[in-house]
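Colleague: Sending over coords_22.pdb (PDB, C-alpha atoms).
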MODEL        1
ATOM      1  CA  MET A 179     139.423  93.593 126.058
ATOM      2  CA  ALA A 180     142.574  91.478 126.286
ATOM      3  CA  VAL A 181     143.071  88.653 123.806
ATOM      4  CA  THR A 182     144.167  85.332 125.230
ATOM      5  CA  LEU A 183     146.650  83.036 123.528
ATOM      6  CA  GLU A 184     143.846  80.560 122.769
ATOM      7  CA  GLU A 185     141.753  83.253 121.046
ATOM      8  CA  ALA A 186     144.579  84.590 118.877
ATOM      9  CA  PRO A 187     144.282  82.005 116.035
ATOM     10  CA  TRP A 188     140.532  82.486 115.872
ATOM     11  CA  LEU A 189     140.845  86.277 115.731
ATOM     12  CA  GLY A 190     143.528  85.939 113.079
ATOM     13  CA  TRP A 191     141.213  83.783 110.960
ATOM     14  CA  ILE A 192     138.364  86.283 111.397
ATOM     15  CA  LEU A 193     140.647  89.098 110.227
ATOM     16  CA  VAL A 194     141.845  87.182 107.172
ATOM     17  CA  LYS A 195     138.291  86.174 106.264
ATOM     18  CA  ALA A 196     137.078  89.761 106.671
ATOM     19  CA  LEU A 197     139.802  91.088 104.373
ATOM     20  CA  VAL A 198     139.087  88.422 101.743
ATOM     21  CA  ARG A 199     135.328  89.120 101.856
ATOM     22  CA  PHE A 200     135.905  92.854 101.554
ATOM     23  CA  ALA A 201     138.316  92.442  98.638
ATOM     24  CA  PHE A 202     135.894  90.131  96.831
ATOM     25  CA  MET A 203     132.949  92.525  97.293
ATOM     26  CA  VAL A 204     134.991  95.429  95.958
ATOM     27  CA  ALA A 205     136.088  93.380  92.935
ATOM     28  CA  ASN A 206     132.534  92.122  92.427
ATOM     29  CA  ASN A 207     131.168  95.676  92.337
ATOM     30  CA  LEU A 208     133.951  96.888  90.053
ATOM     31  CA  VAL A 209     133.139  94.303  87.389
ATOM     32  CA  ALA A 210     129.412  93.583  87.823
ATOM     33  CA  ILE A 211     127.946  97.093  87.917
ATOM     34  CA  PRO A 212     130.004  98.596  85.038
ATOM     35  CA  SER A 213     129.225  95.471  82.978
ATOM     36  CA  TYR A 214     125.509  95.952  83.667
ATOM     37  CA  LEU A 215     125.745  99.577  82.525
ATOM     38  CA  CYS A 216     127.600  98.599  79.347
ATOM     39  CA  TYR A 217     124.991  95.977  78.468
ATOM     40  CA  ILE A 218     122.212  98.547  79.043
ATOM     41  CA  ILE A 219     123.930 101.089  76.788
ATOM     42  CA  VAL A 220     124.377  98.510  74.035
ATOM     43  CA  LEU A 221     120.754  97.404  74.371
ATOM     44  CA  LEU A 222     119.627 101.068  74.321
ATOM     45  CA  LYS A 223     117.321 100.317  77.261
ATOM     46  CA  ARG A 224     114.765  98.778  74.861
ATOM     47  CA  TYR A 225     114.888  95.207  76.043
ATOM     48  CA  TRP A 226     113.506  95.473  79.573
ATOM     49  CA  TYR A 227     113.217  91.716  79.900
ATOM     50  CA  LEU A 228     116.999  91.397  79.584
ATOM     51  CA  GLU A 229     117.484  94.323  81.951
ATOM     52  CA  GLY A 230     115.262  92.601  84.498
ATOM     53  CA  MET A 231     117.232  89.392  84.140
ATOM     54  CA  MET A 232     120.549  91.174  84.748
ATOM     55  CA  TYR A 233     118.977  93.088  87.647
ATOM     56  CA  LYS A 234     117.975  89.749  89.142
ATOM     57  CA  TRP A 235     121.527  88.441  88.765
ATOM     58  CA  LEU A 236     122.959  91.500  90.495
ATOM     59  CA  LEU A 237     120.546  91.087  93.401
ATOM     60  CA  GLY A 238     121.546  87.422  93.507
ATOM     61  CA  MET A 239     125.132  88.539  94.069
ATOM     62  CA  VAL A 240     124.023  90.861  96.856
ATOM     63  CA  ALA A 241     122.014  88.018  98.398
ATOM     64  CA  SER A 242     124.996  85.672  98.245
ATOM     65  CA  TRP A 243     127.139  88.014 100.345
ATOM     66  CA  GLY A 244     124.746  87.585 103.250
ATOM     67  CA  TRP A 245     123.801  83.991 102.471
ATOM     68  CA  TYR A 246     127.245  82.564 103.119
ATOM     69  CA  GLN A 247     127.096  84.054 106.596
ATOM     70  CA  HIS A 248     123.412  83.031 107.065
ATOM     71  CA  MET A 249     122.531  86.583 107.964
ATOM     72  CA  GLY A 250     120.896  89.689 106.561
ATOM     73  CA  VAL A 251     122.126  93.224 107.089
ATOM     74  CA  ASN A 252     118.649  94.720 107.203
ATOM     75  CA  ALA A 253     115.196  94.156 105.796
ATOM     76  CA  SER A 254     116.183  95.238 102.275
ATOM     77  CA  CYS A 255     119.152  92.918 101.909
ATOM     78  CA  PHE A 256     117.358  90.021 103.535
ATOM     79  CA  LEU A 257     114.400  90.404 101.205
ATOM     80  CA  TYR A 258     116.866  90.179  98.297
ATOM     81  CA  MET A 259     117.576  86.658  99.497
ATOM     82  CA  CYS A 260     113.911  85.748  99.920
ATOM     83  CA  ILE A 261     112.566  86.891  96.553
ATOM     84  CA  GLN A 262     115.463  86.885  94.112
ATOM     85  CA  PHE A 263     114.432  83.569  92.552
ATOM     86  CA  CYS A 264     110.830  84.563  91.928
ATOM     87  CA  VAL A 265     109.642  87.971  90.795
ATOM     88  CA  VAL A 266     112.500  90.383  91.345
ATOM     89  CA  ALA A 267     112.972  91.086  87.612
ATOM     90  CA  GLN A 268     109.429  92.548  87.472
ATOM     91  CA  MET A 269     109.571  94.266  90.836
ATOM     92  CA  MET A 270     109.847  97.929  91.774
ATOM     93  CA  TRP A 271     111.436  98.989  95.063
ATOM     94  CA  LEU A 272     110.717 102.068  97.155
ATOM     95  CA  MET A 273     113.740 102.917  99.261
ATOM     96  CA  ASP A 274     115.295 105.775 101.186
ATOM     97  CA  HIS A 275     116.987 108.352  98.959
ATOM     98  CA  ILE A 276     120.326 107.722 100.688
ATOM     99  CA  PHE A 277     120.582 104.427  98.788
ATOM    100  CA  LYS A 278     120.759 106.413  95.542
ATOM    101  CA  TYR A 279     124.336 107.290  96.464
ATOM    102  CA  THR A 280     125.475 103.736  97.162
ATOM    103  CA  ASN A 281     127.211 101.406  94.740
ATOM    104  CA  PHE A 282     123.846  99.958  93.672
ATOM    105  CA  GLY A 283     122.122 103.316  93.228
ATOM    106  CA  ILE A 284     122.762 103.684  89.482
ATOM    107  CA  VAL A 285     121.423 100.167  88.872
ATOM    108  CA  SER A 286     118.209 100.914  90.771
ATOM    109  CA  LEU A 287     117.755 104.184  88.898
ATOM    110  CA  ILE A 288     117.971 102.400  85.542
ATOM    111  CA  HIS A 289     115.672  99.614  86.745
ATOM    112  CA  GLY A 290     113.046 102.209  87.657
ATOM    113  CA  ASP A 291     113.056 101.966  91.452
ATOM    114  CA  PHE A 292     111.949 105.028  93.422
ATOM    115  CA  PHE A 293     114.050 106.842  96.011
ATOM    116  CA  ILE A 294     111.922 108.658  98.557
ATOM    117  CA  ARG A 295     113.153 111.476 100.780
ATOM    118  CA  GLN A 296     111.969 111.390 104.393
ATOM    119  CA  GLY A 297     110.813 114.330 106.485
ATOM    120  CA  LYS A 298     107.736 116.555 106.813
ATOM    121  CA  SER A 299     109.229 119.283 104.628
ATOM    122  CA  HIS A 300     109.550 116.860 101.688
ATOM    123  CA  ARG A 301     106.442 114.731 102.237
ATOM    124  CA  ASP A 302     103.884 116.311  99.895
ATOM    125  CA  GLN A 303     106.374 116.803  97.078
ATOM    126  CA  GLN A 304     107.668 113.246  97.398
ATOM    127  CA  LEU A 305     104.169 111.774  97.227
ATOM    128  CA  LEU A 306     103.462 113.715  94.030
ATOM    129  CA  LEU A 307     106.746 112.494  92.557
ATOM    130  CA  LEU A 308     105.874 108.930  93.559
ATOM    131  CA  LYS A 309     102.463 109.158  91.863
ATOM    132  CA  LYS A 310     104.056 110.435  88.657
ATOM    133  CA  HIS A 311     106.781 107.795  88.825
ATOM    134  CA  LEU A 312     104.252 104.981  89.116
ATOM    135  CA  GLU A 313     102.222 106.339  86.206
ATOM    136  CA  ASN A 314     105.305 106.591  83.976
ATOM    137  CA  ASN A 315     107.216 103.459  84.923
ATOM    138  CA  TYR A 316     105.164 100.712  86.555
ATOM    139  CA  ARG A 317     102.978  99.371  83.739
ATOM    140  CA  SER A 318     105.197 100.580  80.889
ATOM    141  CA  ARG A 319     107.941  98.282  82.187
ATOM    142  CA  ASP A 320     105.549  95.423  82.938
ATOM    143  CA  ARG A 321     106.103  95.536  86.683
ATOM    144  CA  LYS A 322     104.061  93.065  88.748
ATOM    145  CA  TRP A 323     105.183  93.759  92.322
ATOM    146  CA  ILE A 324     106.244  96.695  94.425
ATOM    147  CA  VAL A 325     108.221  96.600  97.691
ATOM    148  CA  LEU A 326     107.363  99.177 100.351
ATOM    149  CA  PHE A 327     108.519  99.660 103.939
ATOM    150  CA  PRO A 328     105.542 101.541 105.469
ATOM    151  CA  GLU A 329     107.456 102.285 108.679
ATOM    152  CA  GLY A 330     109.647 104.584 106.578
ATOM    153  CA  GLY A 331     113.063 104.147 108.170
ATOM    154  CA  PHE A 332     115.350 102.170 110.435
ATOM    155  CA  LEU A 333     113.826 100.939 113.701
ATOM    156  CA  ARG A 334     116.586 102.406 115.867
ATOM    157  CA  LYS A 335     115.997 105.859 114.362
ATOM    158  CA  ARG A 336     112.193 105.882 114.331
ATOM    159  CA  ARG A 337     111.245 103.969 117.482
ATOM    160  CA  GLU A 338     111.289 106.929 119.877
ATOM    161  CA  ILE A 339     109.358 109.174 117.460
ATOM    162  CA  SER A 340     106.822 106.421 116.833
ATOM    163  CA  GLN A 341     106.299 105.803 120.548
ATOM    164  CA  SER A 342     105.822 109.517 121.172
ATOM    165  CA  PHE A 343     103.220 109.672 118.375
ATOM    166  CA  ALA A 344     101.453 106.617 119.814
ATOM    167  CA  LYS A 345     101.278 108.213 123.255
ATOM    168  CA  LYS A 346      99.751 111.417 121.888
ATOM    169  CA  ASN A 347      97.174 109.549 119.802
ATOM    170  CA  ASN A 348      96.241 106.830 122.313
ATOM    171  CA  LEU A 349      97.797 104.045 120.218
ATOM    172  CA  PRO A 350      99.598 100.937 121.506
ATOM    173  CA  PHE A 351     103.194 101.282 122.690
ATOM    174  CA  LEU A 352     105.351  99.261 120.264
ATOM    175  CA  THR A 353     108.962  98.199 120.803
ATOM    176  CA  HIS A 354     109.769  95.694 118.030
ATOM    177  CA  VAL A 355     108.224  97.744 115.201
ATOM    178  CA  THR A 356     107.168 101.330 114.585
ATOM    179  CA  LEU A 357     103.809 102.670 113.527
ATOM    180  CA  PRO A 358     103.563 102.841 109.725
ATOM    181  CA  ARG A 359     103.197 105.935 107.574
ATOM    182  CA  VAL A 360     100.193 105.977 105.302
ATOM    183  CA  GLY A 361     101.029 108.392 102.472
ATOM    184  CA  ALA A 362     103.049 106.157 100.137
ATOM    185  CA  THR A 363     100.743 103.179 100.714
ATOM    186  CA  LYS A 364      97.700 105.257  99.756
ATOM    187  CA  ILE A 365      99.388 106.564  96.583
ATOM    188  CA  ILE A 366     100.394 103.045  95.532
ATOM    189  CA  LEU A 367      96.956 101.529  96.104
ATOM    190  CA  ARG A 368      95.141 104.318  94.277
ATOM    191  CA  ALA A 369      97.563 104.229  91.350
ATOM    192  CA  LEU A 370      97.895 100.477  90.913
ATOM    193  CA  VAL A 371      94.569  99.004  91.981
ATOM    194  CA  ALA A 372      91.479  99.246  89.776
ATOM    195  CA  ARG A 373      88.445  99.452  92.064
ATOM    196  CA  GLN A 374      85.311  97.923  90.549
ATOM    197  CA  GLU A 375      81.674  98.908  90.796
ATOM    198  CA  ASN A 376      78.946  96.536  89.559
ATOM    199  CA  GLY A 377      81.470  94.352  87.772
ATOM    200  CA  SER A 378      83.267  97.170  85.925
ATOM    201  CA  PRO A 379      85.920  99.697  86.954
ATOM    202  CA  ALA A 380      84.774 102.863  88.647
ATOM    203  CA  GLY A 381      84.085 105.354  85.880
ATOM    204  CA  GLY A 382      83.385 102.623  83.309
ATOM    205  CA  ASP A 383      86.794 102.825  81.626
ATOM    206  CA  ALA A 384      87.200  99.629  79.585
ATOM    207  CA  LYS A 385      90.900 100.280  79.133
ATOM    208  CA  GLU A 386      91.322 100.290  82.903
ATOM    209  CA  LEU A 387      89.611  96.897  83.019
ATOM    210  CA  ASP A 388      92.119  95.567  80.490
ATOM    211  CA  ASN A 389      94.957  96.832  82.659
ATOM    212  CA  LYS A 390      93.532  95.394  85.848
ATOM    213  CA  SER A 391      95.467  92.180  85.344
ATOM    214  CA  LYS A 392      98.596  94.304  85.586
ATOM    215  CA  GLY A 393      97.481  95.925  88.822
ATOM    216  CA  LEU A 394      98.066  94.799  92.371
ATOM    217  CA  GLN A 395      95.970  91.868  93.576
ATOM    218  CA  TRP A 396      97.619  90.913  96.867
ATOM    219  CA  ILE A 397      99.489  92.408  99.784
ATOM    220  CA  ILE A 398     102.166  90.112 101.182
ATOM    221  CA  ASP A 399     103.033  91.248 104.685
ATOM    222  CA  THR A 400     106.556  90.225 105.700
ATOM    223  CA  THR A 401     107.797  90.196 109.292
ATOM    224  CA  ILE A 402     111.491  89.495 109.895
ATOM    225  CA  ALA A 403     112.808  88.197 113.215
ATOM    226  CA  TYR A 404     116.531  88.646 113.782
ATOM    227  CA  PRO A 405     118.668  86.634 116.211
ATOM    228  CA  LYS A 406     118.304  88.192 119.678
ATOM    229  CA  ALA A 407     116.356  91.033 118.032
ATOM    230  CA  GLU A 408     119.649  92.450 116.705
ATOM    231  CA  PRO A 409     119.781  93.177 112.948
ATOM    232  CA  ILE A 410     123.224  92.811 111.437
ATOM    233  CA  ASP A 411     124.876  96.149 110.667
ATOM    234  CA  ILE A 412     126.512  96.932 107.339
ATOM    235  CA  GLN A 413     130.112  96.470 108.482
ATOM    236  CA  THR A 414     129.339  93.059 109.944
ATOM    237  CA  TRP A 415     127.584  92.042 106.746
ATOM    238  CA  ILE A 416     130.553  93.083 104.600
ATOM    239  CA  LEU A 417     133.338  91.737 106.814
ATOM    240  CA  GLY A 418     131.476  88.729 108.224
ATOM    241  CA  TYR A 419     133.118  88.739 111.646
ATOM    242  CA  ARG A 420     129.986  87.778 113.586
ATOM    243  CA  LYS A 421     129.107  84.113 113.973
ATOM    244  CA  PRO A 422     126.535  82.751 111.491
ATOM    245  CA  ALA A 423     122.923  82.967 112.620
ATOM    246  CA  VAL A 424     119.476  82.036 111.323
ATOM    247  CA  THR A 425     116.990  84.763 110.464
ATOM    248  CA  HIS A 426     113.259  83.950 110.364
ATOM    249  CA  VAL A 427     110.612  85.415 108.049
ATOM    250  CA  HIS A 428     106.850  85.324 108.634
ATOM    251  CA  TYR A 429     104.433  85.844 105.716
ATOM    252  CA  ARG A 430     100.777  86.848 105.647
ATOM    253  CA  ILE A 431      98.689  87.431 102.522
ATOM    254  CA  PHE A 432      95.790  89.890 102.178
ATOM    255  CA  PRO A 433      93.603  90.438  99.088
ATOM    256  CA  VAL A 434      93.962  94.030  97.935
ATOM    257  CA  LYS A 435      90.196  94.260  97.377
ATOM    258  CA  ASP A 436      89.726  93.974 101.161
ATOM    259  CA  VAL A 437      92.022  96.915 101.933
ATOM    260  CA  PRO A 438      90.261 100.295 102.420
ATOM    261  CA  LEU A 439      91.415 103.310 100.398
ATOM    262  CA  GLU A 440      90.090 106.159 102.510
ATOM    263  CA  THR A 441      92.876 107.715 104.585
ATOM    264  CA  ASP A 442      91.417 107.122 108.058
ATOM    265  CA  ASP A 443      90.298 103.565 107.320
ATOM    266  CA  LEU A 444      93.614 102.738 105.640
ATOM    267  CA  SER A 445      95.488 104.159 108.638
ATOM    268  CA  ASP A 446      93.492 101.963 110.998
ATOM    269  CA  TRP A 447      94.071  98.934 108.766
ATOM    270  CA  LEU A 448      97.838  99.515 108.643
ATOM    271  CA  TYR A 449      98.089 100.242 112.373
ATOM    272  CA  GLN A 450      96.316  96.973 113.122
ATOM    273  CA  ARG A 451      98.724  95.024 110.911
ATOM    274  CA  PHE A 452     101.731  96.492 112.740
ATOM    275  CA  ILE A 453     100.179  95.842 116.135
ATOM    276  CA  GLU A 454      99.864  92.230 115.010
ATOM    277  CA  LYS A 455     103.527  92.332 113.916
ATOM    278  CA  GLU A 456     104.454  93.441 117.425
ATOM    279  CA  ASP A 457     102.605  90.426 118.859
ATOM    280  CA  LEU A 458     104.276  88.094 116.348
ATOM    281  CA  LEU A 459     107.756  89.328 117.240
ATOM    282  CA  SER A 460     107.067  89.318 120.978
ATOM    283  CA  HIS A 461     106.000  85.685 120.701
ATOM    284  CA  PHE A 462     109.078  84.848 118.628
ATOM    285  CA  TYR A 463     111.576  86.431 121.025
ATOM    286  CA  GLU A 464     109.912  84.727 123.976
ATOM    287  CA  THR A 465     109.613  81.237 122.453
ATOM    288  CA  GLY A 466     112.048  81.125 119.520
ATOM    289  CA  ALA A 467     109.260  80.555 116.975
ATOM    290  CA  PHE A 468     106.403  82.437 115.395
ATOM    291  CA  PRO A 469     102.899  81.511 116.649
ATOM    292  CA  PRO A 470     100.955  78.992 114.538
ATOM    293  CA  PRO A 471      97.994  80.094 112.407
ATOM    294  CA  LYS A 472      94.535  79.645 113.883
ATOM    295  CA  GLY A 473      93.515  76.002 113.849
ATOM    296  CA  HIS A 474      97.121  74.726 113.792
ATOM    297  CA  LYS A 475      99.275  73.460 116.632
ATOM    298  CA  GLU A 476     102.538  74.810 115.256
ATOM    299  CA  ALA A 477     103.795  77.104 112.526
ATOM    300  CA  VAL A 478     105.059  75.359 109.415
ATOM    301  CA  SER A 479     108.489  76.592 108.382
ATOM    302  CA  ARG A 480     110.620  76.043 105.302
ATOM    303  CA  GLU A 481     114.328  76.620 104.931
ATOM    304  CA  MET A 482     115.297  79.213 102.335
ATOM    305  CA  THR A 483     118.332  78.203 100.289
ATOM    306  CA  LEU A 484     120.377  79.598  97.434
ATOM    307  CA  SER A 485     121.873  77.431  94.716
ATOM    308  CA  ASN A 486     125.661  77.416  94.916
ATOM    309  CA  THR A 487     125.788  76.471  91.236
ATOM    310  CA  TRP A 488     123.610  79.424  90.240
ATOM    311  CA  ILE A 489     125.668  81.811  92.363
ATOM    312  CA  LEU A 490     128.870  80.484  90.774
ATOM    313  CA  LEU A 491     127.417  80.949  87.287
ATOM    314  CA  ILE A 492     126.303  84.552  87.764
ATOM    315  CA  GLN A 493     129.554  85.491  89.503
ATOM    316  CA  SER A 494     131.536  83.907  86.670
ATOM    317  CA  PHE A 495     129.413  85.745  84.115
ATOM    318  CA  ALA A 496     130.078  89.043  85.914
ATOM    319  CA  PHE A 497     133.845  88.611  85.958
ATOM    320  CA  LEU A 498     133.960  87.321  82.366
ATOM    321  CA  SER A 499     131.800  90.261  81.274
ATOM    322  CA  GLY A 500     134.113  92.640  83.066
ATOM    323  CA  TYR A 501     137.093  91.176  81.266
ATOM    324  CA  MET A 502     135.244  91.328  77.920
ATOM    325  CA  TRP A 503     134.298  94.992  78.269
ATOM    326  CA  TYR A 504     137.790  95.875  79.462
ATOM    327  CA  SER A 505     139.245  94.204  76.359
ATOM    328  CA  ILE A 506     136.764  96.025  74.096
ATOM    329  CA  PHE A 507     137.557  99.422  75.586
ATOM    330  CA  GLN A 508     141.264  98.706  75.502
ATOM    331  CA  TYR A 509     141.008  97.794  71.792
ATOM    332  CA  PHE A 510     139.188 101.006  70.875
ATOM    333  CA  TYR A 511     141.562 103.051  73.018
ATOM    334  CA  HIS A 512     144.550 101.711  71.079
ATOM    335  CA  CYS A 513     142.731 102.273  67.773
ATOM    336  CA  LEU A 514     142.001 105.906  68.617
ATOM    337  CA  PHE A 515     145.214 106.824  70.375
TER     338      PHE A 515
ENDMDL
END
Would you mind writing the file's structure down as C-alpha cells?
Modeller:
Amino acid sequence: MAVTLEEAPWLGWILVKALVRFAFMVANNLVAIPSYLCYIIVLLKRYWYLEGMMYKWLLGMVASWGWYQHMGVNASCFLYMCIQFCVVAQMMWLMDHIFKYTNFGIVSLIHGDFFIRQGKSHRDQQLLLLKKHLENNYRSRDRKWIVLFPEGGFLRKRREISQSFAKKNNLPFLTHVTLPRVGATKIILRALVARQENGSPAGGDAKELDNKSKGLQWIIDTTIAYPKAEPIDIQTWILGYRKPAVTHVHYRIFPVKDVPLETDDLSDWLYQRFIEKEDLLSHFYETGAFPPPKGHKEAVSREMTLSNTWILLIQSFAFLSGYMWYSIFQYFYHCLF
C-alpha cells in the first residue's frame, strides 16, 4: 500500500512511538523482574504478603502498557487491568504452559500460579498435577481467588474444533466463544469448595469447616467484548500502532453452592453459561452494548480507570530498585575481585 505525503508524518509518529514503547517495556522488564527476584531471595520466600504486594505492582505495570492505549492484548492482559486494584495479591492464575517461558514466567512460578499443558495426551496427568498444586499452594499461601479460562485456549485456535465437537454432540453452534472444558473446573471446585450436609461438611470434618471461609464462595463469570470482535495481538499491544479503542467487560455472579459437582451436570451448567455468553456477545456486536439485566431498561456501565500517580510510583520504585540492586552487586563484585 502506497503512503501519501499527507500520511507520512502520521506514520513517522507511529514508528517513533512504537520504538519508544518497545524500549520502555524492555527496560521495565530488565529492572522490575530481577528486582522482584532479588527481594524474594532476601525475604527467603517467607513473607508471602510482601510477595503478593510486589506481584500486584508487577501486574500493575503490565496493565499500564495496555491502559495507555485503551486496549487489551487478550483476556489475560485485560483482566490484569480489571482486577489489579482488588484481589490480585491473593489470586492464583491457571494459564497455558507456554506462558512459563515468557518474561513473566519466573514471577508466576514463584507466586504459585499453575501452568497447564493442553492436549489429550497430557490431560489426565495435568489434572492430577493441578489437584496436587492446589492442595500444596492455595490455602498455605492464603489465596482467595483463582482465575480459570474454561475454554482452554485462544478462540482462533479452538473455534473450529469446538464447532466440530458441537455438531457431533448436538450442541449449539458458537462463533464468538468456544465450548468449555470441564476437567480443570471440576478439580478446582472439588478441591476448594467444602460441600455441607445437614449444616456440617460432608464427612463431619471440623477442620474442613474451619477452612471453609478460605474456600471458594462465588463464581464471577467475565465476558469481554473487543472492538469489532478483534482482540489486539501481542505486537500491537507492545508497539501500540493501532488507534486506541474501548474494550467492554460484562460480569455475572453465581454462588458456588448452586453449581453442580457431578461431571455431566457440571458440563451442562458450563455449556449453558457459554451459550449465554454467545448471546451476550451477539447482542453487543449488533447493538454496541450488552443487554440489560432482567427488569432493567439498560445495562449499567462503569468506566475502569488506572491511577496515573500509582503507576508512576510503582514504575519509579522498579527503576530505583533496579539501580539499588545493581549498586549492591557492583559493590560486592569489586570487594571480591
Colleague: Can you translate the PyMOL selection byres ((chain A and resi 348-354) around 9) into the concrete residues it hits in this file, as number ranges by chain?
Modeller: A: 333, 337, 340-347, 355-357, 407, 449, 452-453, 455-457, 459-460
Colleague: Calculated over only C-alpha atoms, which of the candidates A:Met231, A:Val240, A:Ile211, A:Val427 has the smallest distance to Ile489 in chain A?
Modeller: A:Val240
Colleague: Restricting the calculation to only C-alpha atoms: of A:Arg317, A:Phe332, A:Leu439, A:Lys322, which residue gets closest to Thr363 in chain A?
Modeller: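 Checking each of A:Arg317, A:Phe332, A:Leu439, A:Lys322 against Thr363 in chain A, counting only C-alpha atoms, the winner is A:Leu439.
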Colleague: My list of candidates is A:Thr401, A:Ser318, A:Gln296, A:Asn281. Which is closest to Gln268 in chain A when distances are computed with all atoms listed in the file?
Modeller: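 With all atoms listed in the file as the atom set, the closest residue is A:Ser318.
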Colleague: Given the file shown, determine the residues that the PyMOL selection byres ((chain A and resi 488) around 12) selects; report them as a PDB file with C-alpha atoms, keeping the file's coordinate frame.
Modeller:
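The resulting file, result-v2.pdb, is reproduced below:
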ATOM      1  CA  LYS A 234     117.975  89.749  89.142  1.00  0.00           C
ATOM      2  CA  TRP A 235     121.527  88.441  88.765  1.00  0.00           C
ATOM      3  CA  GLY A 238     121.546  87.422  93.507  1.00  0.00           C
ATOM      4  CA  MET A 239     125.132  88.539  94.069  1.00  0.00           C
ATOM      5  CA  ALA A 241     122.014  88.018  98.398  1.00  0.00           C
ATOM      6  CA  SER A 242     124.996  85.672  98.245  1.00  0.00           C
ATOM      7  CA  GLN A 262     115.463  86.885  94.112  1.00  0.00           C
ATOM      8  CA  PHE A 263     114.432  83.569  92.552  1.00  0.00           C
ATOM      9  CA  THR A 483     118.332  78.203 100.289  1.00  0.00           C
ATOM     10  CA  LEU A 484     120.377  79.598  97.434  1.00  0.00           C
ATOM     11  CA  SER A 485     121.873  77.431  94.716  1.00  0.00           C
ATOM     12  CA  ASN A 486     125.661  77.416  94.916  1.00  0.00           C
ATOM     13  CA  THR A 487     125.788  76.471  91.236  1.00  0.00           C
ATOM     14  CA  ILE A 489     125.668  81.811  92.363  1.00  0.00           C
ATOM     15  CA  LEU A 490     128.870  80.484  90.774  1.00  0.00           C
ATOM     16  CA  LEU A 491     127.417  80.949  87.287  1.00  0.00           C
ATOM     17  CA  ILE A 492     126.303  84.552  87.764  1.00  0.00           C
ATOM     18  CA  GLN A 493     129.554  85.491  89.503  1.00  0.00           C
ATOM     19  CA  SER A 494     131.536  83.907  86.670  1.00  0.00           C
ATOM     20  CA  PHE A 495     129.413  85.745  84.115  1.00  0.00           C
TER      21      PHE A 495
END
Colleague: Given the file above and the PyMOL selection byres ((chain A and resi 397) around 7), which residues are selected, and can you give them as a count of residues only?
Modeller: 7
